[in-house]
$ cat input-v1.txt   # compact mmCIF, C-alpha atoms
# COMPACT_ATOMS: atom_id res chain seq x y z
CA MET X 1 94.04 181.38 -76.30
CA VAL X 2 92.49 182.35 -72.96
CA ALA X 3 93.24 180.49 -69.76
CA ASP X 4 91.25 180.88 -66.56
CA GLY X 5 90.10 184.38 -67.52
CA GLU X 6 93.61 185.54 -68.38
CA ALA X 7 95.64 185.53 -71.59
CA VAL X 8 98.07 182.64 -71.75
CA ILE X 9 101.61 183.81 -71.16
CA SER X 10 103.72 184.68 -74.16
CA ARG X 11 105.85 182.02 -75.84
CA ARG X 12 109.04 183.67 -74.65
CA THR X 13 107.82 183.67 -71.03
CA ALA X 14 106.40 180.16 -71.43
CA GLY X 15 109.73 178.87 -72.66
CA ALA X 16 111.56 180.37 -69.71
CA LEU X 17 109.04 179.03 -67.24
CA THR X 18 108.94 175.61 -68.87
CA VAL X 19 112.65 175.11 -68.34
CA GLY X 20 111.95 175.51 -64.64
CA VAL X 21 108.93 173.23 -64.90
CA LEU X 22 110.92 170.40 -66.43
CA VAL X 23 113.65 170.73 -63.84
CA PHE X 24 111.08 170.82 -61.06
CA VAL X 25 109.22 167.76 -62.31
CA GLY X 26 112.18 165.39 -62.17
CA GLU X 27 111.55 161.67 -62.19
CA ALA X 28 108.26 160.04 -61.30
CA ALA X 29 108.24 158.87 -57.71
CA PRO X 30 107.69 155.26 -56.64
CA ALA X 31 104.12 154.84 -55.43
CA ILE X 32 104.94 154.39 -51.72
CA PRO X 33 102.51 154.46 -50.03
CA PRO X 34 100.59 153.14 -53.04
CA ALA X 35 99.32 156.31 -54.71
CA LEU X 36 97.56 154.23 -57.34
CA VAL X 37 95.27 152.51 -54.86
CA CYS X 38 92.05 154.45 -54.45
CA LYS X 39 90.62 154.78 -50.97
CA MET X 40 87.31 153.47 -52.29
CA PRO X 41 86.35 150.10 -53.81
CA ARG X 42 86.32 149.92 -57.60
CA GLN X 43 82.55 149.59 -57.58
CA ASP X 44 82.03 152.74 -55.46
CA THR X 45 80.12 155.48 -57.28
CA ARG X 46 81.40 158.36 -55.15
CA THR X 47 84.20 160.69 -56.21
CA LEU X 48 87.50 161.45 -54.54
CA PRO X 49 88.04 164.89 -52.93
CA ALA X 50 88.69 167.78 -55.33
CA ALA X 51 92.32 168.00 -54.18
CA ALA X 52 93.05 164.36 -55.13
CA ARG X 53 95.85 164.02 -57.71
CA HIS X 54 95.74 160.25 -58.30
CA GLY X 55 92.88 157.78 -58.64
CA LEU X 56 90.70 155.62 -60.81
CA VAL X 57 89.26 157.53 -63.74
CA GLN X 58 85.67 157.08 -62.53
CA HIS X 59 86.52 158.35 -59.04
CA LEU X 60 88.02 161.68 -60.14
CA GLU X 61 86.06 164.80 -61.04
CA GLN X 62 86.10 165.56 -64.76
CA TYR X 63 87.53 169.07 -64.24
CA PRO X 64 90.25 170.17 -61.81
CA ALA X 65 89.40 172.51 -58.95
CA VAL X 66 91.44 175.45 -60.27
CA GLY X 67 90.32 177.53 -57.28
CA LEU X 68 92.34 175.24 -54.98
CA ALA X 69 95.54 175.87 -56.94
CA SER X 70 98.11 178.42 -55.81
CA PRO X 71 99.17 181.27 -58.13
CA ARG X 72 102.38 179.33 -58.80
CA ASP X 73 100.40 176.19 -59.66
CA ARG X 74 98.43 178.18 -62.21
CA ARG X 75 101.55 179.71 -63.72
CA VAL X 76 103.12 176.27 -64.11
CA ALA X 77 99.91 174.84 -65.62
CA ARG X 78 99.76 177.69 -68.15
CA ALA X 79 103.45 177.27 -68.98
CA ILE X 80 102.97 173.56 -69.65
CA LEU X 81 99.97 174.25 -71.86
CA SER X 82 101.79 176.98 -73.76
CA ARG X 83 104.81 174.71 -74.30
CA LEU X 84 102.53 171.95 -75.57
CA VAL X 85 100.78 174.27 -78.03
CA GLU X 86 104.13 175.58 -79.24
CA SER X 87 105.48 172.03 -79.67
CA ALA X 88 102.38 170.97 -81.62
CA GLU X 89 102.83 173.90 -84.00
CA ARG X 90 106.57 173.37 -84.40
CA GLY X 91 106.17 169.63 -84.96
CA SER X 92 103.11 169.99 -87.24
CA TRP X 93 101.32 167.34 -85.18
CA ARG X 94 98.05 168.10 -86.95
CA SER X 95 99.61 166.43 -89.98
CA LEU X 96 99.45 162.64 -89.64
CA ARG X 97 102.49 162.34 -91.86
CA ALA X 98 104.50 164.56 -89.51
CA ALA X 99 103.17 162.68 -86.49
CA ARG X 100 104.29 159.38 -88.01
CA ARG X 101 107.75 160.82 -88.71
CA ALA X 102 107.90 161.76 -85.02
CA GLY X 103 107.23 158.14 -84.07
CA TYR X 104 103.48 158.16 -83.41
CA ALA X 105 101.31 155.29 -84.68
CA THR X 106 98.35 156.93 -86.44
CA ARG X 107 96.57 153.90 -87.89
CA THR X 108 92.97 153.60 -86.66
CA ARG X 109 90.52 150.72 -86.60
CA SER X 110 87.82 150.55 -89.23
CA ARG X 111 84.30 151.57 -88.24
CA ALA X 112 81.27 149.33 -88.16
CA ALA X 113 78.65 150.13 -90.78
CA GLY X 114 76.44 152.99 -89.62
CA ASP X 115 78.72 154.05 -86.76
CA ARG X 116 78.67 157.86 -86.70
CA SER X 117 80.06 158.35 -83.20
CA VAL X 118 82.96 160.68 -82.36
CA ARG X 119 85.91 158.75 -81.00
CA PHE X 120 89.08 159.96 -79.35
CA PHE X 121 92.07 158.08 -80.72
CA HIS X 122 95.41 157.86 -78.90
CA ALA X 123 98.30 157.72 -81.37
CA GLU X 124 101.06 156.33 -79.16
CA ARG X 125 104.74 156.58 -79.95
CA ARG X 126 107.04 153.60 -79.79
CA GLN X 127 108.76 152.84 -76.50
CA GLU X 128 111.89 154.91 -75.99
CA PRO X 129 114.61 154.88 -73.31
CA ARG X 130 113.82 157.47 -70.67
CA ARG X 131 116.42 160.23 -70.88
CA GLY X 132 115.00 162.62 -68.31
CA SER X 133 111.68 163.57 -66.82
CA ILE X 134 108.69 161.32 -67.29
CA PHE X 135 106.76 164.47 -68.21
CA ASP X 136 108.11 166.42 -71.15
CA ALA X 137 105.59 168.89 -72.58
CA ALA X 138 107.41 168.75 -75.91
CA ARG X 139 107.33 164.94 -76.18
CA PRO X 140 104.01 163.35 -75.12
CA LYS X 141 103.61 159.59 -74.95
CA ALA X 142 100.58 159.89 -77.25
CA LEU X 143 98.85 162.46 -79.42
CA ILE X 144 95.06 162.45 -79.13
CA TYR X 145 92.95 162.92 -82.25
CA ALA X 146 89.19 163.19 -82.65
CA ASN X 147 87.99 160.58 -85.12
CA VAL X 148 84.92 162.25 -86.62
CA PRO X 149 83.05 160.52 -89.47
CA GLY X 150 83.64 162.35 -92.74
CA HIS X 151 86.72 164.22 -91.46
CA ALA X 152 90.44 163.64 -91.27
CA LEU X 153 91.73 163.00 -87.75
CA ILE X 154 91.69 166.23 -85.70
CA LEU X 155 94.40 166.93 -83.10
CA VAL X 156 92.68 167.65 -79.76
CA GLY X 157 95.16 166.80 -77.01
CA ALA X 158 98.08 164.78 -75.70
CA MET X 159 98.73 162.07 -73.13
CA TRP X 160 101.59 161.00 -70.84
CA SER X 161 101.85 157.75 -68.89
CA THR X 162 103.95 156.31 -66.08
CA ARG X 163 105.59 152.95 -65.74
CA ASP X 164 103.92 150.40 -63.47
CA GLY X 165 104.16 151.42 -59.82
CA GLU X 166 105.14 155.05 -60.43
CA ALA X 167 103.14 158.06 -59.30
CA GLY X 168 102.97 160.79 -61.92
CA PRO X 169 104.49 164.19 -60.95
CA THR X 170 102.13 167.08 -60.22
CA PRO X 171 104.11 170.35 -60.48
CA ALA X 172 100.87 172.23 -61.16
CA GLY X 173 99.31 171.08 -57.90
CA PRO X 174 95.65 169.99 -57.95
CA ILE X 175 95.27 171.11 -61.58
CA MET X 176 97.47 168.24 -62.74
CA ARG X 177 95.82 164.89 -61.98
CA TRP X 178 96.81 161.39 -63.03
CA HIS X 179 94.22 158.67 -63.53
CA SER X 180 94.32 154.91 -63.83
CA HIS X 181 91.85 152.40 -65.23
CA VAL X 182 90.40 149.05 -64.22
CA VAL X 183 92.07 146.55 -66.53
CA CYS X 184 92.44 142.83 -67.18
CA LYS X 185 95.96 141.91 -66.11
CA GLU X 186 97.85 138.73 -66.89
CA GLY X 187 101.30 138.36 -65.34
CA THR X 188 103.60 141.22 -66.33
CA LYS X 189 101.78 141.94 -69.58
CA ARG X 190 100.21 145.33 -70.19
CA GLY X 191 96.68 145.58 -68.80
CA LEU X 192 93.89 145.41 -71.36
CA LYS X 193 90.38 146.83 -71.44
CA PRO X 194 87.86 144.40 -69.90
CA LEU X 195 85.48 142.52 -72.14
CA ALA X 196 81.81 143.42 -72.44
CA GLY X 197 80.16 143.13 -69.03
CA GLY X 198 83.42 143.85 -67.19
CA LYS X 199 84.72 140.30 -67.51
CA CYS X 200 88.29 139.22 -68.21
CA PRO X 201 89.50 136.45 -70.52
CA PRO X 202 90.71 133.19 -68.91
CA GLY X 203 93.99 133.62 -67.05
CA ALA X 204 93.57 137.39 -66.47
CA ARG X 205 92.30 139.17 -63.37
CA LEU X 206 90.33 142.37 -63.02
CA THR X 207 92.39 144.98 -61.17
CA GLN X 208 93.32 148.63 -61.01
CA GLY X 209 96.04 149.31 -63.58
CA ALA X 210 99.49 149.93 -62.09
CA SER X 211 100.31 152.78 -64.49
CA GLU X 212 98.81 156.26 -64.58
CA MET X 213 97.85 158.63 -67.38
CA LEU X 214 97.51 162.38 -67.76
CA HIS X 215 95.63 164.18 -70.52
CA VAL X 216 96.02 167.79 -71.64
CA TRP X 217 93.56 169.21 -74.19
CA PHE X 218 93.80 172.02 -76.75
CA THR X 219 90.91 174.07 -75.39
CA GLY X 220 90.64 177.77 -74.63
CA ASP X 221 90.74 177.65 -70.81
CA LEU X 222 92.90 176.18 -68.10
CA ARG X 223 90.11 174.23 -66.38
CA SER X 224 89.05 172.21 -69.41
CA ALA X 225 92.62 171.80 -70.70
CA TYR X 226 93.32 169.53 -67.73
CA ALA X 227 90.05 167.58 -67.84
CA ILE X 228 90.29 163.85 -67.16
CA THR X 229 88.47 162.80 -70.34
CA ALA X 230 87.80 164.68 -73.58
CA PRO X 231 85.95 167.92 -72.68
CA ARG X 232 83.60 167.93 -75.66
CA PRO X 233 81.67 171.13 -74.72
CA GLU X 234 84.89 173.15 -74.58
CA LEU X 235 86.39 171.49 -77.66
CA CYS X 236 83.22 172.47 -79.48
CA GLY X 237 83.22 175.98 -78.01
CA ALA X 238 86.81 176.49 -79.16
CA SER X 239 85.84 175.26 -82.67
CA VAL X 240 88.31 172.40 -82.41
CA LEU X 241 85.58 169.89 -83.26
CA PRO X 242 83.40 170.37 -86.37
CA ARG X 243 80.11 172.09 -85.66
CA ALA X 244 78.06 169.17 -86.96
CA SER X 245 79.62 166.83 -84.39
CA CYS X 246 78.72 169.18 -81.53
CA ARG X 247 74.95 168.90 -81.85
$ encode --input "input-v1.txt" --output "structure tokens"
Amino acid sequence: MVADGEAVISRRTAGALTVGVLVFVGEAAPAIPPALVCKMPRQDTRTLPAAARHGLVQHLEQYPAVGLASPRDRRVARAILSRLVESAERGSWRSLRAARRAGYATRTRSRAAGDRSVRFFHAERRQEPRRGSIFDAARPKALIYANVPGHALILVGAMWSTRDGEAGPTPAGPIMRWHSHVVCKEGTKRGLKPLAGGKCPPGARLTQGASEMLHVWFTGDLRSAYAITAPRPELCGASVLPRASCR
């Protein structure tokens, strides 16, 4: 795998660095001042500055500004990616049976007749007591699979999430960005995706979600590995997605 024009560090080096990464990350910090509140209205079509590390998904650039990152930030980002790749291989996450044994829910919804779209499915694991850092490269909150018609689910990435009111840690500087979504919220229940037209069901209000998410993708370069949403061009270029789905 190639990252940012350089070979990704060896597994031995990655393991050593990752120990430091996990110690450095620590616990997620309370969002004070509110890191989850964008400085722009939800309806604003502009984007946040390239150095922003928290914001609504539609206000953040798709790719991180790797050029703004320090050499240390890049080393940490590569170590996290290497640890994730190693964990996926060791845990056989490409196998849905192995993923289920590890606690991930891999059941998908049925498709409508004629639907040939490529979807990106988050197989979340059941809630567990937090034993350490919110961000463990070896234990994502969800595994992300490409749901391609005519193919078994294809492992393409992983996701981590915070609890409500927490700001996700960013040990890799501006490369590592956490996003939130506009959701329909009712009381203390988990926010749900708005209905068609951006409306909420009775009793729920439209608001910025109080939890954040981070995606990391199994692509061949550092920039696209930390994209906000699925980087289809790079997933295709790395032959992660089937050629027919890349047309």
$ closest_residue --input "input-v1.txt" --among "X:Leu84, X:Phe218, X:Glu124, X:Tyr226" --to "X:Ala238" --atoms "only C-alpha atoms"
X:Phe218
$ closest_residue --input "input-v1.txt" --among "X:Gly67, X:Gly168, X:Gly55, X:Gly103" --to "X:His181" --atoms "all atoms listed in the file"
X:Gly55
$ closest_residue --input "input-v1.txt" --among "X:Val148, X:Leu206, X:Arg97, X:Leu214" --to "X:Arg243" --atoms "all atoms listed in the file"
X:Val148
$ residues_near_point --input "input-v1.txt" --point "(81.9, 150.4, -59.4)" --cutoff "10 Å" --atoms "only C-alpha atoms" --output "ChimeraX atom specification"
/X:40-46,58-59,182
$ residues_around --input "input-v1.txt" --residues "X:Val57" --least-positions-apart "3" --cutoff "9 Å" --atoms "all atoms listed in the file" --output "VMD selection string"
chain X and resid 54 60 to 62 178 to 182 228 to 229
$ residues_around --input "input-v1.txt" --residues "X:Arg139" --least-positions-apart "2" --cutoff "10 Å" --atoms "only C-alpha atoms" --output "list in words"
Leu84, Ser87, Ala88, Ala102, Arg125, Ile134, Phe135, Asp136, Ala137, Lys141, Ala142, Leu143, Ala158, Met159 and Trp160 of chain X
$ closest_residue --input "input-v1.txt" --among "X:Arg90, X:Gly150, X:Asp164, X:Glu234" --to "X:Asp115" --atoms "all atoms listed in the file"
X:Gly150
$ closest_residue --input "input-v1.txt" --among "X:Val156, X:Pro171, X:Arg111, X:Ala146" --to "X:Arg75" --atoms "all atoms listed in the file"
X:Pro171
$ closest_residue --input "input-v1.txt" --among "X:Cys184, X:Ile144, X:Leu56, X:Gly173" --to "X:Ser70" --atoms "all atoms listed in the file"
X:Gly173
$ residues_around --input "input-v1.txt" --residues "X:Pro194" --least-positions-apart "3" --cutoff "12 Å" --atoms "only C-alpha atoms" --output "VMD selection string"
chain X and resid 181 to 186 191 197 to 202 204 to 209
$ write_last_selection --input "input-v1.txt" --atoms "C-alpha atoms" --output "PDB file, in the frame of the given file"
ATOM      1  CA  HIS X 181      91.850 152.400 -65.230  1.00  0.00           C
ATOM      2  CA  VAL X 182      90.400 149.050 -64.220  1.00  0.00           C
ATOM      3  CA  VAL X 183      92.070 146.550 -66.530  1.00  0.00           C
ATOM      4  CA  CYS X 184      92.440 142.830 -67.180  1.00  0.00           C
ATOM      5  CA  LYS X 185      95.960 141.910 -66.110  1.00  0.00           C
ATOM      6  CA  GLU X 186      97.850 138.730 -66.890  1.00  0.00           C
ATOM      7  CA  GLY X 191      96.680 145.580 -68.800  1.00  0.00           C
ATOM      8  CA  GLY X 197      80.160 143.130 -69.030  1.00  0.00           C
ATOM      9  CA  GLY X 198      83.420 143.850 -67.190  1.00  0.00           C
ATOM     10  CA  LYS X 199      84.720 140.300 -67.510  1.00  0.00           C
ATOM     11  CA  CYS X 200      88.290 139.220 -68.210  1.00  0.00           C
ATOM     12  CA  PRO X 201      89.500 136.450 -70.520  1.00  0.00           C
ATOM     13  CA  PRO X 202      90.710 133.190 -68.910  1.00  0.00           C
ATOM     14  CA  ALA X 204      93.570 137.390 -66.470  1.00  0.00           C
ATOM     15  CA  ARG X 205      92.300 139.170 -63.370  1.00  0.00           C
ATOM     16  CA  LEU X 206      90.330 142.370 -63.020  1.00  0.00           C
ATOM     17  CA  THR X 207      92.390 144.980 -61.170  1.00  0.00           C
ATOM     18  CA  GLN X 208      93.320 148.630 -61.010  1.00  0.00           C
ATOM     19  CA  GLY X 209      96.040 149.310 -63.580  1.00  0.00           C
TER      20      GLY X 209
END
